[in-house]
>>> print(open('coords25.cif').read())   # mmCIF, C-alpha atoms and all ligand atoms
data_model
#
loop_
_atom_site.label_atom_id
_atom_site.label_comp_id
_atom_site.auth_asym_id
_atom_site.auth_seq_id
_atom_site.Cartn_x
_atom_site.Cartn_y
_atom_site.Cartn_z
CA MET A 19 -12.53 24.02 -12.34
CA MET A 20 -10.25 24.14 -9.30
CA ARG A 21 -12.13 23.60 -6.10
CA ASP A 22 -12.78 26.79 -4.12
CA THR A 23 -10.66 26.71 -0.94
CA ARG A 24 -13.79 27.02 1.19
CA LEU A 25 -15.20 23.79 -0.25
CA ARG A 26 -11.96 21.83 0.05
CA GLY A 27 -12.90 20.39 3.44
CA LEU A 28 -16.03 18.80 2.00
CA SER A 29 -14.14 17.76 -1.16
CA ALA A 30 -11.49 16.03 0.97
CA GLU A 31 -14.30 14.15 2.70
CA HIS A 32 -15.49 13.09 -0.76
CA GLN A 33 -12.11 11.45 -1.36
CA ASP A 34 -12.56 9.51 1.88
CA ALA A 35 -16.14 8.64 0.89
CA LEU A 36 -14.90 7.18 -2.42
CA LEU A 37 -12.45 4.96 -0.53
CA PHE A 38 -15.24 4.02 1.86
CA GLY A 39 -17.46 3.13 -1.13
CA ARG A 40 -14.73 0.90 -2.60
CA ARG A 41 -14.34 -0.81 0.75
CA LEU A 42 -18.11 -1.48 0.84
CA LEU A 43 -17.87 -3.12 -2.60
CA GLU A 44 -14.89 -5.17 -1.48
CA VAL A 45 -16.72 -6.39 1.63
CA SER A 46 -19.81 -7.21 -0.48
CA THR A 47 -17.82 -10.08 -2.02
CA ALA A 48 -16.17 -11.26 1.22
CA PRO A 49 -16.71 -14.80 2.55
CA GLU A 50 -19.93 -15.28 4.51
CA GLN A 51 -18.31 -15.43 7.96
CA GLU A 52 -16.53 -12.08 7.43
CA LEU A 53 -19.61 -10.22 6.28
CA ASN A 54 -21.27 -9.29 9.57
CA PRO A 55 -18.16 -8.26 11.54
CA ALA A 56 -16.90 -6.17 8.61
CA TRP A 57 -20.30 -4.52 8.27
CA GLU A 58 -20.34 -3.59 11.98
CA VAL A 59 -17.14 -1.57 11.46
CA LEU A 60 -18.40 0.04 8.26
CA ARG A 61 -21.81 0.86 9.72
CA ARG A 62 -20.15 2.71 12.60
CA ARG A 63 -17.94 4.57 10.11
CA PHE A 64 -21.01 5.60 8.13
CA PHE A 65 -22.52 7.30 11.20
CA ALA A 66 -19.20 8.78 12.34
CA GLU A 67 -17.94 10.06 8.97
CA VAL A 68 -20.56 10.08 6.22
CA GLN A 69 -23.57 11.20 8.25
CA PRO A 70 -21.94 14.46 9.52
CA HIS A 71 -20.89 15.23 5.94
CA PHE A 72 -24.50 14.77 4.77
CA LEU A 73 -25.71 17.05 7.59
CA THR A 74 -23.36 19.87 6.60
CA GLU A 75 -24.62 19.62 3.02
CA GLU A 76 -28.26 19.45 4.12
CA GLN A 77 -28.03 22.32 6.62
CA GLU A 78 -25.72 24.72 4.76
CA LEU A 79 -25.28 23.87 1.10
CA LEU A 80 -28.73 22.69 0.03
CA PRO A 81 -30.85 25.50 1.48
CA ALA A 82 -28.53 28.05 -0.16
CA LEU A 83 -28.74 26.28 -3.54
CA GLU A 84 -32.48 26.03 -3.22
CA SER A 85 -32.82 29.75 -2.68
CA LEU A 86 -30.86 30.22 -5.93
CA GLY A 87 -33.57 28.24 -7.75
CA GLU A 88 -31.63 24.97 -8.07
CA GLU A 89 -34.52 22.78 -6.89
CA ALA A 90 -33.84 19.84 -9.22
CA LEU A 91 -30.23 19.51 -8.16
CA VAL A 92 -31.16 19.84 -4.49
CA ALA A 93 -33.91 17.23 -4.85
CA ARG A 94 -31.45 14.75 -6.32
CA VAL A 95 -29.00 15.22 -3.45
CA TRP A 96 -31.78 14.69 -0.88
CA GLU A 97 -33.01 11.62 -2.71
CA ASP A 98 -29.49 10.14 -2.74
CA HIS A 99 -28.89 10.90 0.95
CA GLU A 100 -32.19 9.31 1.94
CA ALA A 101 -31.60 6.24 -0.22
CA LEU A 102 -28.09 5.84 1.22
CA ARG A 103 -29.34 6.15 4.82
CA ALA A 104 -32.08 3.61 4.07
CA LEU A 105 -29.51 1.15 2.72
CA VAL A 106 -27.66 1.40 6.04
CA THR A 107 -30.66 1.07 8.35
CA ASP A 108 -33.26 -0.92 6.42
CA GLU A 109 -32.48 -4.59 6.89
CA ALA A 110 -35.13 -5.95 4.51
CA GLU A 111 -32.62 -6.93 1.83
CA PRO A 112 -29.73 -9.35 2.33
CA LEU A 113 -26.60 -7.64 3.70
CA ARG A 114 -24.46 -8.54 0.69
CA ILE A 115 -26.92 -6.84 -1.68
CA ARG A 116 -27.17 -3.76 0.55
CA LEU A 117 -23.39 -3.46 0.73
CA GLU A 118 -23.11 -3.55 -3.03
CA LYS A 119 -25.93 -1.06 -3.59
CA LEU A 120 -24.57 1.24 -0.89
CA GLY A 121 -21.05 1.19 -2.35
CA LEU A 122 -22.21 1.84 -5.91
CA ARG A 123 -24.67 4.55 -4.96
CA LEU A 124 -22.26 6.34 -2.62
CA ILE A 125 -19.57 6.45 -5.31
CA ALA A 126 -22.07 7.71 -7.92
CA HIS A 127 -23.38 10.30 -5.44
CA VAL A 128 -19.95 11.70 -4.65
CA ARG A 129 -19.06 11.92 -8.34
CA PHE A 130 -22.33 13.72 -9.08
CA GLU A 131 -21.71 16.24 -6.30
CA GLU A 132 -18.13 16.88 -7.35
CA ALA A 133 -18.99 17.24 -11.06
CA GLN A 134 -22.22 19.21 -10.75
CA VAL A 135 -23.23 20.37 -7.28
CA PHE A 136 -19.89 21.71 -6.06
CA GLU A 137 -19.07 23.26 -9.43
CA LEU A 138 -22.29 25.22 -9.28
CA ALA A 139 -21.92 25.97 -5.56
CA GLN A 140 -18.52 27.58 -5.94
CA ARG A 141 -19.73 29.71 -8.85
CA ARG A 142 -22.99 30.86 -7.31
CA LEU A 143 -23.10 30.61 -3.52
CA PRO A 144 -22.76 33.86 -1.58
CA PRO A 145 -19.39 34.19 0.18
CA GLU A 146 -20.98 34.05 3.64
CA VAL A 147 -22.38 30.59 2.92
CA LEU A 148 -19.05 29.31 1.57
CA GLU A 149 -17.34 30.73 4.66
CA ARG A 150 -19.83 29.06 6.99
CA ILE A 151 -19.16 25.74 5.25
CA ALA A 152 -15.41 26.27 5.55
CA ARG A 153 -15.71 26.97 9.28
CA ARG A 154 -17.80 23.86 9.81
CA THR A 155 -15.65 21.62 7.62
CA PRO A 156 -12.21 23.23 7.45
CA PRO A 157 -9.96 22.49 4.47
CA PRO A 158 -7.35 19.88 5.39
CA PRO A 159 -3.67 20.82 5.54
CA THR A 160 -2.08 20.16 2.16
CA ARG A 161 -1.61 16.45 1.89
CA THR A 162 0.09 14.16 -0.50
CA VAL A 163 -2.36 12.20 -2.57
CA GLY A 164 -1.09 8.75 -3.13
FE FE B 1 -24.07 14.42 -0.44
FE FE B 2 -21.03 15.21 -0.38
#
>>> encode(input="coords25.cif", output="structure tokens", more="lines below")
Ligand SMILES: [Fe+2]
Ligand SMILES: [Fe+2]
Amino acid sequence: MMRDTRLRGLSAEHQDALLFGRRLLEVSTAPEQELNPAWEVLRRRFFAEVQPHFLTEEQELLPALESLGEEALVARVWEDHEALRALVTDEAEPLRIRLEKLGLRLIAHVRFEEAQVFELAQRRLPPEVLERIARRTPPPPTRTVG
């Protein structure tokens, strides 16, 4: 189904998140001396770009889906967000392993949201919720995908 205009801002951020996930996977195989400096840049990007996206979903999208009775779907999104945040902040595992897990899980998470969560959201969410999301994360101007 075509993405509802009011969810296109968040969907555009998903495209960026997929690229970010691929970059994480790329860095996970980088030579040892490049690992830490590359991670510093990516870690800052996570907090600047991915974290605000998660917050919009958690504060607007998830409560509305929950009140429609979609607890299982909502629980899975929360579980993914928490696991992804933990991979960024929990330094117990070696960086290379965390980068790989973070990249794979972020990509899987975005695909799950696009295929299931957003499909359901655009069919069932009340217009006022969709409009609130659109105001918070406005759809981008039409851009060439390349
Ligand atoms: Fe999410
Ligand atoms: Fe998302």
>>> residues_near_ligand(input="coords25.cif", ligand="ligand FE 2 (chain B)", cutoff="10 Å", atoms="all atoms listed in the file", output="list of chain:residue names")
A:Leu28, A:Ser29, A:Ala30, A:Glu31, A:His32, A:Gln33, A:Ala35, A:Val68, A:Gln69, A:Pro70, A:His71, A:Phe72, A:Leu73, A:Thr74, A:Glu75, A:Glu76, A:Leu79, A:Val95, A:His99, A:Leu124, A:His127, A:Val128, A:Arg129, A:Phe130, A:Glu131, A:Glu132, A:Val135, A:Phe136
>>> residues_around(input="coords25.cif", residues="Pro145 of chain A", least_positions_apart="3", cutoff="12 Å", atoms="all atoms listed in the file", output="NGL selection string")
:A and (22-25 or 79 or 82 or 139-142 or 148-152)
>>> closest_residue(input="coords25.cif", among="A:Arg40, A:Val45, A:Arg61, A:Glu100", to="Arg114 of chain A", atoms="only C-alpha atoms")
A:Val45
>>> atom_distance(input="coords25.cif", atom1="atom CA of Leu80 of chain A", atom2="atom CA of Val92 of chain A")
5.9 Å
>>> atom_distance(input="coords25.cif", atom1="atom CA of Ala110 of chain A", atom2="atom CA of Glu44 of chain A")
21.1 Å
>>> atom_distance(input="coords25.cif", atom1="atom CA of Glu118 of chain A", atom2="atom CA of Ala48 of chain A")
11.2 Å
>>> closest_residue(input="coords25.cif", among="A:Leu105, A:Leu86, A:Val59, A:Leu91", to="Gln134 of chain A", atoms="all atoms listed in the file")
A:Leu91
>>> closest_residue(input="coords25.cif", among="A:Leu113, A:Met20, A:Ala93, A:Ala56", to="ligand FE 1 (chain B)", atoms="only C-alpha atoms and all ligand atoms")
A:Ala93
>>> residues_around(input="coords25.cif", residues="Leu117 of chain A", least_positions_apart="2", cutoff="7 Å", atoms="only C-alpha atoms", output="short mmCIF file (atom, residue, chain, number, x, y, z; two decimals) with C-alpha atoms, in the frame of the given file")
data_model
loop_
_atom_site.label_atom_id
_atom_site.label_comp_id
_atom_site.auth_asym_id
_atom_site.auth_seq_id
_atom_site.Cartn_x
_atom_site.Cartn_y
_atom_site.Cartn_z
CA LEU A 42 -18.11 -1.48 0.84
CA LEU A 43 -17.87 -3.12 -2.60
CA SER A 46 -19.81 -7.21 -0.48
CA LEU A 113 -26.60 -7.64 3.70
CA ARG A 114 -24.46 -8.54 0.69
CA ILE A 115 -26.92 -6.84 -1.68
CA LYS A 119 -25.93 -1.06 -3.59
CA LEU A 120 -24.57 1.24 -0.89
CA GLY A 121 -21.05 1.19 -2.35
#
>>> closest_residue(input="coords25.cif", among="A:Val106, A:Leu60, A:Leu37, A:Ile125", to="ligand FE 1 (chain B)", atoms="only C-alpha atoms and all ligand atoms")
A:Ile125
>>> closest_residue(input="coords25.cif", among="A:Arg63, A:Leu36, A:Glu146, A:Trp57", to="ligand FE 1 (chain B)", atoms="all atoms listed in the file")
A:Leu36
>>> closest_residue(input="coords25.cif", among="A:Leu143, A:Leu138, A:Leu102, A:Leu53", to="ligand FE 1 (chain B)", atoms="only C-alpha atoms and all ligand atoms")
A:Leu102
>>> build_atoms(input="coords25.cif", residues="segment 66-77 of chain A", atoms="all heavy atoms", output="PDB file, keeping the file's coordinate frame")
ATOM      1  N   ALA A  66     -20.233   7.879  11.824  1.00  0.00           N
ATOM      2  CA  ALA A  66     -19.200   8.780  12.340  1.00  0.00           C
ATOM      3  C   ALA A  66     -18.660   9.730  11.266  1.00  0.00           C
ATOM      4  O   ALA A  66     -18.281  10.860  11.567  1.00  0.00           O
ATOM      5  CB  ALA A  66     -18.048   7.962  12.928  1.00  0.00           C
ATOM      6  N   GLU A  67     -18.614   9.262  10.009  1.00  0.00           N
ATOM      7  CA  GLU A  67     -17.940  10.060   8.970  1.00  0.00           C
ATOM      8  C   GLU A  67     -18.894  10.579   7.898  1.00  0.00           C
ATOM      9  O   GLU A  67     -18.836  11.753   7.529  1.00  0.00           O
ATOM     10  CB  GLU A  67     -16.848   9.215   8.295  1.00  0.00           C
ATOM     11  CG  GLU A  67     -15.740   8.794   9.262  1.00  0.00           C
ATOM     12  CD  GLU A  67     -14.808   7.748   8.666  1.00  0.00           C
ATOM     13  OE1 GLU A  67     -14.681   7.677   7.424  1.00  0.00           O
ATOM     14  OE2 GLU A  67     -14.215   6.977   9.457  1.00  0.00           O
ATOM     15  N   VAL A  68     -19.724   9.689   7.367  1.00  0.00           N
ATOM     16  CA  VAL A  68     -20.560  10.080   6.220  1.00  0.00           C
ATOM     17  C   VAL A  68     -21.763  10.916   6.682  1.00  0.00           C
ATOM     18  O   VAL A  68     -22.088  11.932   6.070  1.00  0.00           O
ATOM     19  CB  VAL A  68     -21.020   8.831   5.423  1.00  0.00           C
ATOM     20  CG1 VAL A  68     -21.837   9.246   4.217  1.00  0.00           C
ATOM     21  CG2 VAL A  68     -19.812   7.995   4.997  1.00  0.00           C
ATOM     22  N   GLN A  69     -22.386  10.497   7.765  1.00  0.00           N
ATOM     23  CA  GLN A  69     -23.570  11.200   8.250  1.00  0.00           C
ATOM     24  C   GLN A  69     -23.293  12.688   8.568  1.00  0.00           C
ATOM     25  O   GLN A  69     -24.055  13.547   8.124  1.00  0.00           O
ATOM     26  CB  GLN A  69     -24.121  10.436   9.475  1.00  0.00           C
ATOM     27  CG  GLN A  69     -25.262  11.101  10.180  1.00  0.00           C
ATOM     28  CD  GLN A  69     -26.593  10.882   9.483  1.00  0.00           C
ATOM     29  OE1 GLN A  69     -26.673  10.591   8.296  1.00  0.00           O
ATOM     30  NE2 GLN A  69     -27.660  11.060  10.219  1.00  0.00           N
ATOM     31  N   PRO A  70     -22.209  13.032   9.281  1.00  0.00           N
ATOM     32  CA  PRO A  70     -21.940  14.460   9.520  1.00  0.00           C
ATOM     33  C   PRO A  70     -21.697  15.246   8.223  1.00  0.00           C
ATOM     34  O   PRO A  70     -22.089  16.410   8.121  1.00  0.00           O
ATOM     35  CB  PRO A  70     -20.657  14.451  10.380  1.00  0.00           C
ATOM     36  CG  PRO A  70     -20.555  13.082  10.945  1.00  0.00           C
ATOM     37  CD  PRO A  70     -21.250  12.167   9.991  1.00  0.00           C
ATOM     38  N   HIS A  71     -21.089  14.592   7.252  1.00  0.00           N
ATOM     39  CA  HIS A  71     -20.890  15.230   5.940  1.00  0.00           C
ATOM     40  C   HIS A  71     -22.249  15.532   5.289  1.00  0.00           C
ATOM     41  O   HIS A  71     -22.475  16.639   4.783  1.00  0.00           O
ATOM     42  CB  HIS A  71     -20.050  14.278   5.064  1.00  0.00           C
ATOM     43  CG  HIS A  71     -19.865  14.747   3.660  1.00  0.00           C
ATOM     44  ND1 HIS A  71     -18.790  15.516   3.266  1.00  0.00           N
ATOM     45  CD2 HIS A  71     -20.614  14.558   2.552  1.00  0.00           C
ATOM     46  CE1 HIS A  71     -18.896  15.781   1.969  1.00  0.00           C
ATOM     47  NE2 HIS A  71     -19.998  15.209   1.514  1.00  0.00           N
ATOM     48  N   PHE A  72     -23.157  14.560   5.323  1.00  0.00           N
ATOM     49  CA  PHE A  72     -24.500  14.770   4.770  1.00  0.00           C
ATOM     50  C   PHE A  72     -25.179  15.946   5.483  1.00  0.00           C
ATOM     51  O   PHE A  72     -25.827  16.776   4.855  1.00  0.00           O
ATOM     52  CB  PHE A  72     -25.374  13.527   4.979  1.00  0.00           C
ATOM     53  CG  PHE A  72     -25.111  12.395   4.012  1.00  0.00           C
ATOM     54  CD1 PHE A  72     -24.079  12.450   3.094  1.00  0.00           C
ATOM     55  CD2 PHE A  72     -25.927  11.263   4.040  1.00  0.00           C
ATOM     56  CE1 PHE A  72     -23.849  11.384   2.218  1.00  0.00           C
ATOM     57  CE2 PHE A  72     -25.711  10.207   3.164  1.00  0.00           C
ATOM     58  CZ  PHE A  72     -24.677  10.263   2.253  1.00  0.00           C
ATOM     59  N   LEU A  73     -25.029  15.996   6.821  1.00  0.00           N
ATOM     60  CA  LEU A  73     -25.710  17.050   7.590  1.00  0.00           C
ATOM     61  C   LEU A  73     -25.191  18.432   7.215  1.00  0.00           C
ATOM     62  O   LEU A  73     -25.976  19.368   7.088  1.00  0.00           O
ATOM     63  CB  LEU A  73     -25.563  16.788   9.095  1.00  0.00           C
ATOM     64  CG  LEU A  73     -26.375  15.605   9.617  1.00  0.00           C
ATOM     65  CD1 LEU A  73     -26.109  15.392  11.108  1.00  0.00           C
ATOM     66  CD2 LEU A  73     -27.873  15.766   9.383  1.00  0.00           C
ATOM     67  N   THR A  74     -23.893  18.569   7.029  1.00  0.00           N
ATOM     68  CA  THR A  74     -23.360  19.870   6.600  1.00  0.00           C
ATOM     69  C   THR A  74     -23.963  20.257   5.253  1.00  0.00           C
ATOM     70  O   THR A  74     -24.386  21.400   5.046  1.00  0.00           O
ATOM     71  CB  THR A  74     -21.814  19.814   6.487  1.00  0.00           C
ATOM     72  OG1 THR A  74     -21.283  19.425   7.740  1.00  0.00           O
ATOM     73  CG2 THR A  74     -21.230  21.164   6.093  1.00  0.00           C
ATOM     74  N   GLU A  75     -24.023  19.307   4.331  1.00  0.00           N
ATOM     75  CA  GLU A  75     -24.620  19.620   3.020  1.00  0.00           C
ATOM     76  C   GLU A  75     -26.091  19.995   3.170  1.00  0.00           C
ATOM     77  O   GLU A  75     -26.569  20.951   2.559  1.00  0.00           O
ATOM     78  CB  GLU A  75     -24.456  18.416   2.088  1.00  0.00           C
ATOM     79  CG  GLU A  75     -23.006  18.209   1.688  1.00  0.00           C
ATOM     80  CD  GLU A  75     -22.769  16.953   0.860  1.00  0.00           C
ATOM     81  OE1 GLU A  75     -23.636  16.047   0.852  1.00  0.00           O
ATOM     82  OE2 GLU A  75     -21.701  16.871   0.226  1.00  0.00           O
ATOM     83  N   GLU A  76     -26.813  19.230   3.997  1.00  0.00           N
ATOM     84  CA  GLU A  76     -28.260  19.450   4.120  1.00  0.00           C
ATOM     85  C   GLU A  76     -28.584  20.757   4.857  1.00  0.00           C
ATOM     86  O   GLU A  76     -29.588  21.392   4.585  1.00  0.00           O
ATOM     87  CB  GLU A  76     -28.894  18.260   4.850  1.00  0.00           C
ATOM     88  CG  GLU A  76     -28.906  17.020   3.974  1.00  0.00           C
ATOM     89  CD  GLU A  76     -29.191  15.741   4.758  1.00  0.00           C
ATOM     90  OE1 GLU A  76     -29.457  15.813   5.970  1.00  0.00           O
ATOM     91  OE2 GLU A  76     -29.140  14.655   4.135  1.00  0.00           O
ATOM     92  N   GLN A  77     -27.716  21.141   5.806  1.00  0.00           N
ATOM     93  CA  GLN A  77     -28.030  22.320   6.620  1.00  0.00           C
ATOM     94  C   GLN A  77     -27.446  23.605   6.032  1.00  0.00           C
ATOM     95  O   GLN A  77     -27.973  24.688   6.288  1.00  0.00           O
ATOM     96  CB  GLN A  77     -27.526  22.103   8.050  1.00  0.00           C
ATOM     97  CG  GLN A  77     -28.343  21.015   8.755  1.00  0.00           C
ATOM     98  CD  GLN A  77     -27.679  20.497  10.024  1.00  0.00           C
ATOM     99  OE1 GLN A  77     -26.604  20.952  10.409  1.00  0.00           O
ATOM    100  NE2 GLN A  77     -28.321  19.534  10.671  1.00  0.00           N
TER     101      GLN A  77
END
